[in-house]
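Peer 1: My structure file work.cif, mmCIF, C-alpha atoms, is below:
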```cif
data_work
loop_
_atom_site.label_atom_id
_atom_site.label_comp_id
_atom_site.auth_asym_id
_atom_site.auth_seq_id
_atom_site.Cartn_x
_atom_site.Cartn_y
_atom_site.Cartn_z
CA MET A 29 74.00 120.18 168.62
CA LEU A 30 71.63 120.62 165.68
CA ARG A 31 71.65 116.95 164.70
CA ALA A 32 69.31 115.86 167.51
CA LEU A 33 66.70 118.44 166.56
CA ALA A 34 66.98 117.50 162.88
CA ILE A 35 66.43 113.81 163.71
CA LEU A 36 63.39 114.71 165.82
CA LEU A 37 61.87 116.74 163.00
CA ALA A 38 62.56 113.94 160.52
CA MET A 39 60.84 111.42 162.80
CA LEU A 40 57.80 113.66 163.00
CA CYS A 41 57.61 113.68 159.22
CA LEU A 42 58.04 109.93 158.84
CA ALA A 43 55.68 108.82 161.61
CA PRO A 44 52.11 107.89 160.59
CA ALA A 45 49.95 110.92 161.24
CA ALA A 46 46.87 112.73 160.07
CA PRO A 47 47.28 115.12 157.11
CA ALA A 48 47.17 118.14 159.40
CA GLN A 49 49.93 116.67 161.56
CA GLN A 50 52.02 115.90 158.50
CA ASP A 51 51.61 119.49 157.29
CA GLU A 52 52.72 120.76 160.68
CA ALA A 53 55.75 118.47 160.66
CA ARG A 54 56.71 119.68 157.17
CA ALA A 55 56.36 123.30 158.31
CA LEU A 56 58.64 122.60 161.29
CA GLU A 57 61.22 120.94 159.10
CA SER A 58 61.07 123.75 156.54
CA LEU A 59 61.71 126.44 159.16
CA PHE A 60 64.51 124.42 160.71
CA GLU A 61 66.22 123.86 157.34
CA MET A 62 65.78 127.53 156.42
CA GLY A 63 67.63 128.51 159.56
CA GLN A 64 70.30 125.84 159.02
CA ARG A 65 71.01 127.06 155.47
CA ALA A 66 71.35 130.65 156.65
CA PHE A 67 73.61 129.58 159.52
CA ASP A 68 75.85 127.58 157.19
CA GLU A 69 76.03 130.54 154.79
CA GLY A 70 77.09 132.76 157.65
CA LEU A 71 79.89 130.38 158.59
CA ALA A 72 81.12 130.34 154.98
CA GLN A 73 81.03 134.16 154.74
CA ARG A 74 82.73 135.01 158.05
CA ALA A 75 86.29 135.29 156.74
CA GLU A 76 85.73 137.34 153.58
CA ALA A 77 82.39 139.11 154.13
CA PRO A 78 81.72 139.64 157.84
CA GLY A 79 78.83 142.02 157.15
CA ALA A 80 77.04 139.50 154.97
CA ALA A 81 77.81 136.77 157.50
CA ALA A 82 76.18 138.78 160.29
CA GLU A 83 73.04 139.19 158.20
CA SER A 84 72.96 135.44 157.49
CA PHE A 85 73.25 134.68 161.19
CA ARG A 86 70.39 137.11 161.90
CA GLN A 87 68.26 135.30 159.33
CA ALA A 88 69.11 131.96 160.95
CA ALA A 89 68.11 133.26 164.37
CA ALA A 90 64.86 134.67 162.95
CA ALA A 91 63.91 131.39 161.25
CA TRP A 92 64.59 129.31 164.36
CA GLN A 93 62.81 131.87 166.53
CA ARG A 94 59.69 131.32 164.42
CA LEU A 95 59.75 127.69 165.58
CA VAL A 96 59.42 129.02 169.13
CA ASP A 97 56.98 131.88 168.56
CA GLU A 98 54.74 130.48 165.83
CA ARG A 99 55.00 126.72 166.33
CA GLY A 100 55.40 126.53 170.10
CA VAL A 101 58.58 124.46 170.02
CA ARG A 102 60.22 124.46 173.47
CA ASN A 103 63.65 122.91 173.20
CA GLY A 104 66.84 123.83 175.04
CA ARG A 105 69.08 122.93 172.11
CA LEU A 106 67.03 125.06 169.73
CA LEU A 107 67.22 128.06 172.09
CA TYR A 108 70.94 127.44 172.53
CA ASN A 109 71.48 127.61 168.78
CA ILE A 110 69.35 130.74 168.49
CA GLY A 111 71.74 132.25 171.02
CA ASN A 112 74.73 131.10 168.95
CA ALA A 113 73.31 132.74 165.83
CA HIS A 114 72.69 136.02 167.66
CA LEU A 115 76.18 135.96 169.19
CA LEU A 116 77.83 135.37 165.81
CA ALA A 117 75.73 138.24 164.42
CA GLY A 118 77.11 140.53 167.13
CA GLU A 119 73.76 140.82 168.95
CA VAL A 120 75.00 140.26 172.48
CA GLY A 121 71.75 141.14 174.27
CA SER A 122 69.62 138.79 172.18
CA ALA A 123 72.23 136.04 172.56
CA ILE A 124 72.20 136.30 176.36
CA ALA A 125 68.39 136.29 176.41
CA ALA A 126 68.29 133.10 174.28
CA TYR A 127 70.95 131.40 176.40
CA ARG A 128 69.06 132.32 179.58
CA ARG A 129 65.90 130.70 178.16
CA ALA A 130 67.90 127.63 177.17
CA GLU A 131 69.04 127.34 180.81
CA GLN A 132 65.47 126.50 181.76
CA TYR A 133 65.79 123.23 179.82
CA ILE A 134 69.51 122.34 179.75
CA ALA A 135 70.91 124.07 182.84
CA GLY A 136 74.49 123.05 183.50
CA ASP A 137 75.26 122.06 179.90
CA ARG A 138 78.96 122.85 179.50
CA HIS A 139 78.62 124.32 176.00
CA LEU A 140 75.78 126.56 177.13
CA VAL A 141 77.70 127.68 180.22
CA ALA A 142 80.79 128.49 178.13
CA ASN A 143 78.91 130.43 175.45
CA LEU A 144 76.84 132.37 177.97
CA ASP A 145 80.05 133.31 179.77
CA GLN A 146 81.59 134.41 176.48
CA ALA A 147 78.55 136.55 175.65
CA ARG A 148 78.62 138.18 179.09
CA ARG A 149 82.28 139.08 178.62
CA ARG A 150 81.31 141.13 175.58
CA VAL A 151 78.91 143.39 177.50
CA ARG A 152 80.47 146.85 177.53
CA THR A 153 78.81 148.06 180.74
CA ALA A 154 80.59 146.56 183.73
CA VAL A 155 78.17 145.47 186.48
CA GLU A 156 80.00 143.70 189.28
CA THR A 157 78.13 141.09 191.28
CA PRO A 158 78.49 141.76 195.06
CA ALA A 159 80.79 139.40 196.96
CA SER A 160 77.89 138.24 199.14
CA GLN A 161 75.90 137.19 196.08
CA ARG A 162 78.90 135.38 194.60
CA ALA A 163 79.34 133.50 197.89
CA ARG A 164 75.66 132.57 197.88
CA GLY A 165 76.03 131.22 194.35
CA LEU A 166 78.92 129.01 195.43
CA LEU A 167 77.19 127.72 198.54
CA LEU A 168 73.77 127.21 196.93
CA PHE A 169 74.87 126.24 193.44
CA TRP A 170 72.16 123.58 193.12
CA HIS A 171 69.47 126.23 193.63
CA ASP A 172 70.87 128.71 191.10
CA ASP A 173 72.44 126.43 188.49
CA TRP A 174 70.23 123.33 188.39
CA SER A 175 66.86 123.36 186.68
CA GLN A 176 63.67 122.42 188.54
CA ARG A 177 63.49 119.19 186.57
CA THR A 178 67.04 118.23 187.55
CA ARG A 179 66.41 118.95 191.23
CA LEU A 180 63.09 117.09 191.20
CA THR A 181 64.69 114.05 189.53
CA LEU A 182 67.55 113.97 192.04
CA LEU A 183 65.13 114.44 194.92
CA THR A 184 63.10 111.43 193.78
CA ILE A 185 66.21 109.27 193.34
CA LEU A 186 67.74 110.23 196.68
CA TRP A 187 64.51 109.87 198.63
CA GLY A 188 63.90 106.46 197.10
CA ALA A 189 67.48 105.39 197.74
CA GLY A 190 67.19 106.43 201.38
CA TRP A 191 64.10 104.31 201.89
CA ILE A 192 65.57 101.34 200.03
CA TRP A 193 68.67 101.49 202.24
CA ALA A 194 66.56 101.69 205.39
CA LEU A 195 64.42 98.71 204.33
CA ALA A 196 67.50 96.73 203.32
CA ARG A 197 68.92 97.10 206.83
CA ARG A 198 65.85 95.37 208.22
CA ALA A 199 66.95 92.12 206.58
CA ASP A 200 69.01 89.91 208.87
CA ARG A 201 71.88 89.56 206.42
CA LEU A 202 72.16 93.34 205.90
CA ALA A 203 71.48 94.52 209.44
CA MET A 204 75.15 95.43 209.92
CA LEU A 205 75.12 97.96 207.10
CA PRO A 206 75.87 101.52 208.33
CA ARG A 207 72.99 103.94 208.67
CA TRP A 208 74.78 107.03 207.32
CA PRO A 209 74.30 106.36 203.55
CA GLY A 210 70.53 106.22 203.97
CA TRP A 211 70.44 109.25 206.25
CA SER A 212 72.70 111.17 203.88
CA ALA A 213 70.47 110.42 200.89
CA ALA A 214 67.38 111.51 202.83
CA ALA A 215 69.09 114.71 204.03
CA LEU A 216 70.15 115.67 200.50
CA ALA A 217 66.62 114.99 199.27
CA LEU A 218 65.24 117.35 201.92
CA VAL A 219 67.71 120.05 200.85
CA LEU A 220 66.51 119.78 197.26
CA ALA A 221 62.88 119.76 198.44
CA GLY A 222 63.55 122.98 200.34
CA SER A 223 65.07 124.55 197.22
CA LEU A 224 61.96 123.70 195.19
CA ALA A 225 59.64 124.90 197.96
CA VAL A 226 61.39 128.28 198.14
CA GLU A 227 60.79 128.83 194.42
CA GLU A 228 57.11 127.99 194.76
CA LEU A 229 56.40 129.95 197.94
CA ALA A 230 58.67 132.94 197.31
CA PRO A 231 59.29 133.20 193.57
CA GLU A 232 62.07 135.52 192.49
CA ALA A 233 61.40 138.65 190.46
CA PRO A 234 61.32 138.18 186.67
CA THR A 235 64.66 138.80 185.01
CA GLY A 236 65.49 140.56 181.78
CA VAL A 237 68.23 141.63 179.40
CA VAL A 238 68.90 144.98 177.73
CA LEU A 239 68.62 144.45 173.97
CA HIS A 240 69.69 147.89 172.79
CA GLU A 241 71.84 150.55 174.42
CA THR A 242 69.47 152.56 176.56
CA ILE A 243 69.44 155.31 179.17
CA GLY A 244 68.20 154.28 182.60
CA ARG A 245 66.20 157.01 184.32
CA LYS A 246 65.24 157.92 187.86
CA GLY A 247 61.55 157.66 187.04
CA PRO A 248 59.24 156.00 184.49
CA SER A 249 59.40 158.70 181.82
CA GLU A 250 61.88 160.39 179.52
CA ILE A 251 60.33 163.74 180.48
CA GLY A 252 61.10 165.15 183.90
CA TYR A 253 63.44 162.38 185.09
CA GLU A 254 67.20 162.57 184.89
CA PRO A 255 69.40 159.65 183.81
CA SER A 256 70.31 157.30 186.64
CA PHE A 257 73.90 156.91 185.47
CA THR A 258 76.49 158.98 183.65
CA GLU A 259 76.52 156.56 180.70
CA PRO A 260 73.83 154.51 178.92
CA LEU A 261 73.49 150.83 179.71
CA ALA A 262 74.96 148.66 176.97
CA GLU A 263 73.12 145.75 175.38
CA GLY A 264 73.47 142.56 177.35
CA VAL A 265 73.12 144.09 180.83
CA GLU A 266 70.98 141.76 182.97
CA PHE A 267 68.53 142.84 185.64
CA ALA A 268 65.63 141.81 187.87
CA ALA A 269 62.29 143.49 187.09
CA LEU A 270 60.89 144.84 190.36
CA GLU A 271 57.92 146.77 188.97
CA ASP A 272 56.05 146.91 185.67
CA ARG A 273 54.47 150.18 184.57
CA GLY A 274 53.62 149.03 181.05
CA ALA A 275 56.04 151.07 178.97
CA TRP A 276 58.62 151.17 181.78
CA LEU A 277 60.20 148.66 184.16
CA LEU A 278 61.89 149.31 187.47
CA ALA A 279 65.07 147.27 187.16
CA ARG A 280 67.63 146.20 189.74
CA LEU A 281 71.06 145.52 188.31
CA ARG A 282 73.28 142.77 189.63
CA ASP A 283 75.27 145.24 191.72
CA GLY A 284 72.10 146.39 193.51
CA ARG A 285 71.59 149.70 191.67
CA GLU A 286 68.04 150.46 190.53
CA THR A 287 66.82 152.33 187.46
CA TRP A 288 63.79 152.65 185.19
CA LEU A 289 64.18 151.15 181.72
CA PRO A 290 61.94 151.57 178.66
CA ARG A 291 60.30 148.24 177.91
CA ARG A 292 60.95 148.60 174.17
CA SER A 293 64.68 148.27 174.84
CA VAL A 294 64.64 145.11 176.95
CA ASP A 295 63.61 141.46 176.78
CA LEU A 296 61.97 139.86 179.81
CA ILE A 297 62.80 136.19 180.46
CA GLU A 298 59.48 134.46 181.13
#
```
In structure tokens, what does this structure look like?

Peer 2:
Amino acid sequence: MLRALAILLAMLCLAPAAPAQQDEARALESLFEMGQRAFDEGLAQRAEAPGAAAESFRQAAAAWQRLVDERGVRNGRLLYNIGNAHLLAGEVGSAIAAYRRAEQYIAGDRHLVANLDQARRRVRTAVETPASQRARGLLLFWHDDWSQRTRLTLLTILWGAGWIWALARRADRLAMLPRWPGWSAAALALVLAGSLAVEELAPEAPTGVVLHETIGRKGPSEIGYEPSFTEPLAEGVEFAALEDRGAWLLARLRDGRETWLPRRSVDLIE
């Protein structure tokens, strides 16, 4: 979990580098260790001082988040652990946002999938996904659950395997090999290519997460527009951003309902 990132930071410090690079490596290691100490303190405080533990977890998340915001570190494991710290602090919305960002790098990781599912179960506003969308997710799981890198890697492997099989059959000794393995590999490669092409040609709307309980409204203002629903939306509710009006976003919830949300209360997943 954290060990791999710690080893990477240590290697940066030990590798021969210019003074500026060494300073940067020390700054990275310092922020990482600051977050690790706060996280460990939170774990030690959970049983007897849950309030203090939550504050320690918030400090851990803040320190690790500085690695992302200030130092430009893009690492799925780091984002995953930021999500863990937020979740342990009781910040469900921020945890889901961090896990969703981690998916861009380590999609399909079983620990990430389990923790994201746990965080979603804590969201107090129930938003049911339509049956048609659930069916699409089952049928097109590679498109929704696999990262672009994973699909591109598999596409390359399958396409190459298909050609290797086809060329192998041209040899006299291997001419009796069946054609279907090569055709199957090529067909799967084309499916993955289509999945990647769809994302490039028809990108989906940006997604976001509600960070703080907020009232969705029927228009982009608190003045003159009634609430869209009888109750506020709880933190952790996920949505697709259909329109950006600066201070307000037109959001579509997973059940298809639409509402305007104040941007200060949400986090958009870039």

Peer 1: Taking (53.6, 157.1, 179.6) in the file's coordinates, which residues come within 8 Å, counting only C-alpha atoms, written as a PyMOL selection string?

Peer 2: chain A and resi 248-249+275

Peer 1: Given all atoms listed in the file as the basis, pick out the residue of A:Leu216, A:Leu59, A:Val155, A:Ala194 nearest to Arg280 (chain A).

Peer 2: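 Smallest separation from Arg280 (chain A) among the options: A:Val155.
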
Peer 1: By how many Å are CA of Ser58 (chain A) and CA of Ala89 (chain A) apart?

Peer 2: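 Going from CA of Ser58 (chain A) over to CA of Ala89 (chain A) covers 14.2 Å.
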
Peer 1: Choose the residue, out of A:Pro209, A:Gly79, A:Gly63, A:Pro234, that has the smallest atom-to-atom separation from Leu278 (chain A); count all atoms listed in the file.

Peer 2: A:Pro234

Peer 1: Name the residues that the PyMOL selection byres ((chain A and resi 297) around 10) pulls out of this structure, and write them as a list in words.

Peer 2: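 Applied to this file, the PyMOL selection byres ((chain A and resi 297) around 10) returns Ala125, Ala126, Arg128, Arg129, Pro234, Thr235, Gly236, Val237, Ala268, Ala269, Val294, Asp295, Leu296 and Glu298 of chain A.
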
Peer 1: Selected by the PyMOL selection byres ((chain A and resi 177-192) around 7) in the shown coordinates: which residues, as an mmCIF file with C-alpha atoms, in the frame of the given file?

Peer 2:
```cif
data_model
loop_
_atom_site.group_PDB
_atom_site.id
_atom_site.type_symbol
_atom_site.label_atom_id
_atom_site.label_comp_id
_atom_site.auth_asym_id
_atom_site.auth_seq_id
_atom_site.Cartn_x
_atom_site.Cartn_y
_atom_site.Cartn_z
ATOM 1 C CA TRP A 174 70.230 123.330 188.390
ATOM 2 C CA SER A 175 66.860 123.360 186.680
ATOM 3 C CA GLN A 176 63.670 122.420 188.540
ATOM 4 C CA TRP A 193 68.670 101.490 202.240
ATOM 5 C CA ALA A 194 66.560 101.690 205.390
ATOM 6 C CA LEU A 195 64.420 98.710 204.330
ATOM 7 C CA ALA A 196 67.500 96.730 203.320
ATOM 8 C CA GLY A 210 70.530 106.220 203.970
ATOM 9 C CA TRP A 211 70.440 109.250 206.250
ATOM 10 C CA ALA A 213 70.470 110.420 200.890
ATOM 11 C CA ALA A 214 67.380 111.510 202.830
ATOM 12 C CA ALA A 217 66.620 114.990 199.270
ATOM 13 C CA LEU A 220 66.510 119.780 197.260
ATOM 14 C CA ALA A 221 62.880 119.760 198.440
#
```

Peer 1: Using all atoms listed in the file, determine which residues lie at most 12 Å from Leu107 (chain A), disregarding the query and same-chain residues fewer than 2 positions distant; provide the list as a count of residues only.

Peer 2: 38

Peer 1: Calculate, to one decimal in Å, the centre and edge lengths of the box along x, y and z of the file that holds all listed atoms of region 178-195 of chain A with 3 Å of margin on each side, and present them as AutoDock Vina command-line options.

Peer 2:
```
--center_x 65.9 --center_y 108.8 --center_z 196.5 --size_x 11.6 --size_y 26.2 --size_z 23.8
```

Peer 1: Compare A:Gly252, A:Gly244, A:Pro78, A:Gly100 by their minimum atom-to-atom distance to Leu289 (chain A), counting all atoms listed in the file, and give me the closest one.

Peer 2: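 Comparing A:Gly252, A:Gly244, A:Pro78, A:Gly100 against Leu289 (chain A), the winner is A:Gly244.
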
Peer 1: Please write as a VMD selection string the list of polymer residues whose atoms come within 7 Å of (68.7, 162.4, 182.5), counting all atoms listed in the file and keeping to the coordinates of the file.

Peer 2: chain A and resid 245 253 to 256

Peer 1: Expressed in Å to a single decimal, how great is the separation between CA of Leu106 (chain A) and CA of Asp68 (chain A)?

Peer 2: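 Straight-line distance from CA of Leu106 (chain A) to CA of Asp68 (chain A) works out to 15.5 Å.
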
Peer 1: Point out the residue among A:Arg65, A:Lys246, A:Arg273, A:Arg282 with the least atom-to-atom distance to Thr153 (chain A), counting only C-alpha atoms.

Peer 2: A:Arg282

Peer 1: Between CA of Val219 (chain A) and CA of Leu205 (chain A), what distance in Å does the model show, to one decimal?

Peer 2: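 So the two atoms, CA of Val219 (chain A) and CA of Leu205 (chain A), lie 24.1 Å apart.
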
Peer 1: Given the choices A:Leu56, A:Trp208, A:Asp145, A:Glu119, which gets closest to Glu98 (chain A) if the distance is worked out from all atoms listed in the file?

Peer 2: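 Nearest candidate to Glu98 (chain A) out of A:Leu56, A:Trp208, A:Asp145, A:Glu119: A:Leu56.
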
Peer 1: Would you mind telling me which residue in A:Glu241, A:Glu232, A:Glu61, A:Glu83 lies nearest to Glu263 (chain A) when using only C-alpha atoms?

Peer 2: A:Glu241

Peer 1: Given the PyMOL selection byres ((chain A and resi 70) around 6) and the file above, list the residues it selects as a PyMOL selection string.

Peer 2: chain A and resi 67-69+71-73+81+84-85

Peer 1: Filtering to C-alpha atoms, could region 191-266 of chain A of the supplied structure be written out as a compact mmCIF listing (two decimals), in the first residue's frame?

Peer 2:
```txt
# COMPACT_ATOMS: atom_id res chain seq x y z
CA TRP A 191 -0.95 -11.64 -36.34
CA ILE A 192 1.59 -14.03 -34.83
CA TRP A 193 -0.97 -16.84 -34.97
CA ALA A 194 -1.84 -16.04 -38.58
CA LEU A 195 1.84 -15.98 -39.61
CA ALA A 196 2.54 -19.19 -37.70
CA ARG A 197 -0.14 -21.00 -39.71
CA ARG A 198 1.75 -20.17 -42.89
CA ALA A 199 4.55 -22.51 -41.84
CA ASP A 200 4.16 -26.02 -43.20
CA ARG A 201 4.45 -27.68 -39.81
CA LEU A 202 1.78 -25.44 -38.25
CA ALA A 203 -0.64 -25.20 -41.18
CA MET A 204 -3.12 -27.50 -39.42
CA LEU A 205 -3.55 -25.14 -36.48
CA PRO A 206 -7.15 -23.86 -36.16
CA ARG A 207 -7.92 -20.34 -37.31
CA TRP A 208 -10.30 -19.40 -34.48
CA PRO A 209 -7.66 -18.41 -31.84
CA GLY A 210 -6.18 -15.82 -34.18
CA TRP A 211 -9.56 -14.54 -35.29
CA SER A 212 -10.75 -14.37 -31.68
CA ALA A 213 -7.71 -12.34 -30.61
CA ALA A 214 -8.21 -9.93 -33.51
CA ALA A 215 -11.94 -9.58 -32.76
CA LEU A 216 -11.30 -8.79 -29.09
CA ALA A 217 -8.66 -6.25 -30.11
CA LEU A 218 -11.20 -4.53 -32.37
CA VAL A 219 -13.72 -4.41 -29.50
CA LEU A 220 -11.18 -2.68 -27.28
CA ALA A 221 -10.23 -0.33 -30.14
CA GLY A 222 -13.89 0.61 -30.49
CA SER A 223 -14.11 1.31 -26.75
CA LEU A 224 -11.11 3.66 -26.94
CA ALA A 225 -12.44 5.34 -30.09
CA VAL A 226 -15.80 6.06 -28.44
CA GLU A 227 -14.05 7.88 -25.59
CA GLU A 228 -12.05 9.99 -28.00
CA LEU A 229 -14.84 10.83 -30.45
CA ALA A 230 -17.71 11.15 -27.98
CA PRO A 231 -16.26 11.90 -24.54
CA GLU A 232 -18.61 11.56 -21.61
CA ALA A 233 -19.63 14.53 -19.50
CA PRO A 234 -17.31 15.36 -16.58
CA THR A 235 -18.34 13.73 -13.33
CA GLY A 236 -18.36 15.09 -9.82
CA VAL A 237 -19.10 14.38 -6.17
CA VAL A 238 -21.03 16.40 -3.59
CA LEU A 239 -18.59 17.32 -0.82
CA HIS A 240 -21.01 18.96 1.59
CA GLU A 241 -24.75 18.54 2.08
CA THR A 242 -26.34 20.93 -0.37
CA ILE A 243 -29.71 21.91 -1.79
CA GLY A 244 -30.18 21.24 -5.49
CA ARG A 245 -32.25 23.91 -7.22
CA LYS A 246 -34.33 24.18 -10.36
CA GLY A 247 -32.15 26.99 -11.68
CA PRO A 248 -28.63 28.40 -11.25
CA SER A 249 -29.35 30.67 -8.29
CA GLU A 250 -30.49 30.52 -4.69
CA ILE A 251 -32.82 33.43 -5.40
CA GLY A 252 -35.95 32.77 -7.41
CA TYR A 253 -35.48 29.01 -7.88
CA GLU A 254 -37.12 26.40 -5.71
CA PRO A 255 -35.32 23.29 -4.44
CA SER A 256 -35.39 20.39 -6.89
CA PHE A 257 -36.03 17.82 -4.17
CA THR A 258 -37.74 17.68 -0.80
CA GLU A 259 -34.43 17.00 0.98
CA PRO A 260 -30.86 18.24 0.49
CA LEU A 261 -28.36 16.01 -1.29
CA ALA A 262 -25.95 14.37 1.14
CA GLU A 263 -22.19 14.39 0.72
CA GLY A 264 -20.96 11.63 -1.54
CA VAL A 265 -23.74 11.86 -4.15
CA GLU A 266 -22.19 11.43 -7.61
```
